[in-house]
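A.B. asks: Quick one: the structure is below, and I'll ask about it shortly.
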Amino acid sequence: ITFLHYQKAWHANFPIYYRNSTIVAVVVVLANIFTSAMAGFIFAKYEFPLKGFLFVVVLSTMMVPFAVVLIPCYMIVAVVLRLKDTLSAMIVPALISPFGIFLMRQFIQSIPDEMLDAARIDGASDWRIFWQIVLPLCRPALSALAIFHFIWIWNDFLWPLIVTDSDRSRTLPIGVTLFAFQRWQQYNLVVAASVLVLLPMVVIYFIFQRAFVQGIVLTGMKY
């Protein structure tokens with residue numbers, strides 16, 4: 001494989017695929033960080049009716065295979081919301097993550113209640129406590145959550161395959177698959193295209209490796 005193979009692969013609509021995958025991944029990761037941290041904070045530090053039941057409901061959604069909800073999700077996105085063949089079709093269903101809520105709830109439970117009570121005594125609102133105290137303390141868990149979701153969205157194949165019809169909205173997994181089908185005998189180009197898909201994930205992991213490992217270890221210690 002030479003640089004020429006990467007250049008040829010890159011010019012086969014890969015800038016469009018990269019743009020689409022980047023937009024979808026960044027929006028989904030940021031949305032999941034915010035919604036998961038906020039929901040995890042509520043489940044960890046607040047008492048309200050049916051709290052345990054609602055948390056079990058959130059966890060139970062993690063046990064439902066995607067194939068079970070595939071058709072209902074498609075009907076909502078494509079028919080009701082009319083988002084088929086758009087980036088929003090891949091973003092909207094992934095804005096909230098039950099796994100993210102569980103992960104953040106486990107981590108936030110370790111934050112001492114005395115720290116939050118002291119902030120309330122000083123006049124801090126719940127929003128300020130969440131934004132200025134809870135979120136900074138959750139950086140390791142947030143880093144782990146961000147990497148998990150980035151890898152998941154970046155590699156997602158089935159859902160983008162169903163809701164996209166044209167290159168303008170296809171993501172990298174779909175693009176590299178079409179590229180491989182069209183050039184199935186040109187192994188050098190196919191491998192070069194695959195490397196282009198994997199490269200961002202490897203770079204991001206090495207950048208956030210320490211925070212990722214720390215977040216997994218600390219979260220696993222919470223009960």
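Each chain in the structure tokens gets a letter, A, B and so on, in the order shown; residues start at 1 in every chain, and ligands are counted from 1 in the order they appear.
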Taking the DSSP assignment computed from this structure's backbone, write out as number ranges by chain all residues of region 29-139 of chain A that belong to alpha helix (DSSP H).
C.D. replies: A: 29-45, 51-61, 66-74, 88-91, 98-108, 113-121, 126-129, 135-137, 139
A.B. asks: Can you pull out every residue within 8 Å of region 30-34 of chain A, counting only C-alpha atoms, but drop anything in the same chain fewer than 4 positions away, and send it as a tab-separated table (two decimals) with N, CA and C atoms, in the first residue's frame?
C.D. replies:
```
chain	number	residue	atom	x	y	z
A	26	VAL	N	-20.27	13.82	16.48
A	26	VAL	CA	-20.06	14.94	17.41
A	26	VAL	C	-21.38	15.35	18.07
A	38	MET	N	-27.09	14.65	33.15
A	38	MET	CA	-28.22	15.25	33.86
A	38	MET	C	-29.14	14.17	34.44
A	94	ALA	N	-30.52	8.58	18.60
A	94	ALA	CA	-29.38	8.31	19.48
A	94	ALA	C	-29.11	9.44	20.47
A	95	LEU	N	-30.04	10.37	20.62
A	95	LEU	CA	-29.79	11.52	21.49
A	95	LEU	C	-29.76	11.15	22.97
A	96	ILE	N	-30.46	10.10	23.35
A	96	ILE	CA	-30.50	9.66	24.75
A	96	ILE	C	-30.02	8.22	24.83
A	97	SER	N	-29.15	7.95	25.79
A	97	SER	CA	-28.56	6.62	25.92
A	97	SER	C	-28.84	6.02	27.29
A	100	GLY	N	-25.58	5.33	28.94
A	100	GLY	CA	-24.96	6.54	29.47
A	100	GLY	C	-25.57	6.98	30.78
A	142	LEU	N	-17.22	10.95	31.92
A	142	LEU	CA	-17.67	11.58	30.68
A	142	LEU	C	-16.75	11.24	29.52
A	145	LEU	N	-17.57	7.72	28.50
A	145	LEU	CA	-18.85	7.71	27.79
A	145	LEU	C	-18.71	8.28	26.39
A	146	ALA	N	-17.95	9.36	26.25
A	146	ALA	CA	-17.76	9.98	24.94
A	146	ALA	C	-17.06	9.03	23.98
```
A.B. asks: Which value, in Å to one decimal, gives the distance between CA of Ser194 (chain A) and CA of Leu178 (chain A)?
C.D. replies: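 Going from CA of Ser194 (chain A) over to CA of Leu178 (chain A), I get 11.8 Å.
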A.B. asks: What lies within 10 Å of region 74-87 of chain A using only C-alpha atoms, ignoring chain neighbours under 3 positions off, as number ranges by chain?
C.D. replies: A: 20-21, 23-24, 69-71, 90-93, 159-171
A.B. asks: Excluding Ala192 (chain A) and any residue of its chain fewer than 5 positions from it, enumerate the residues within 8 Å of it, using only C-alpha atoms, and give them as a list in words.
C.D. replies: Ile1, His5, Tyr6 and Ala9 of chain A
A.B. asks: For Val197 (chain A), which residue among A:Ala119, A:Leu137, A:Ile108, A:Ile174 is the nearest when counting only C-alpha atoms?
C.D. replies: A:Ile174
A.B. asks: Within 8 Å of Val190 (chain A), counting only C-alpha atoms, which residues qualify if same-chain residues fewer than 2 places away don't, as a ChimeraX atom specification?
C.D. replies: /A:9,176,179-180,183-184,186-188,192-194
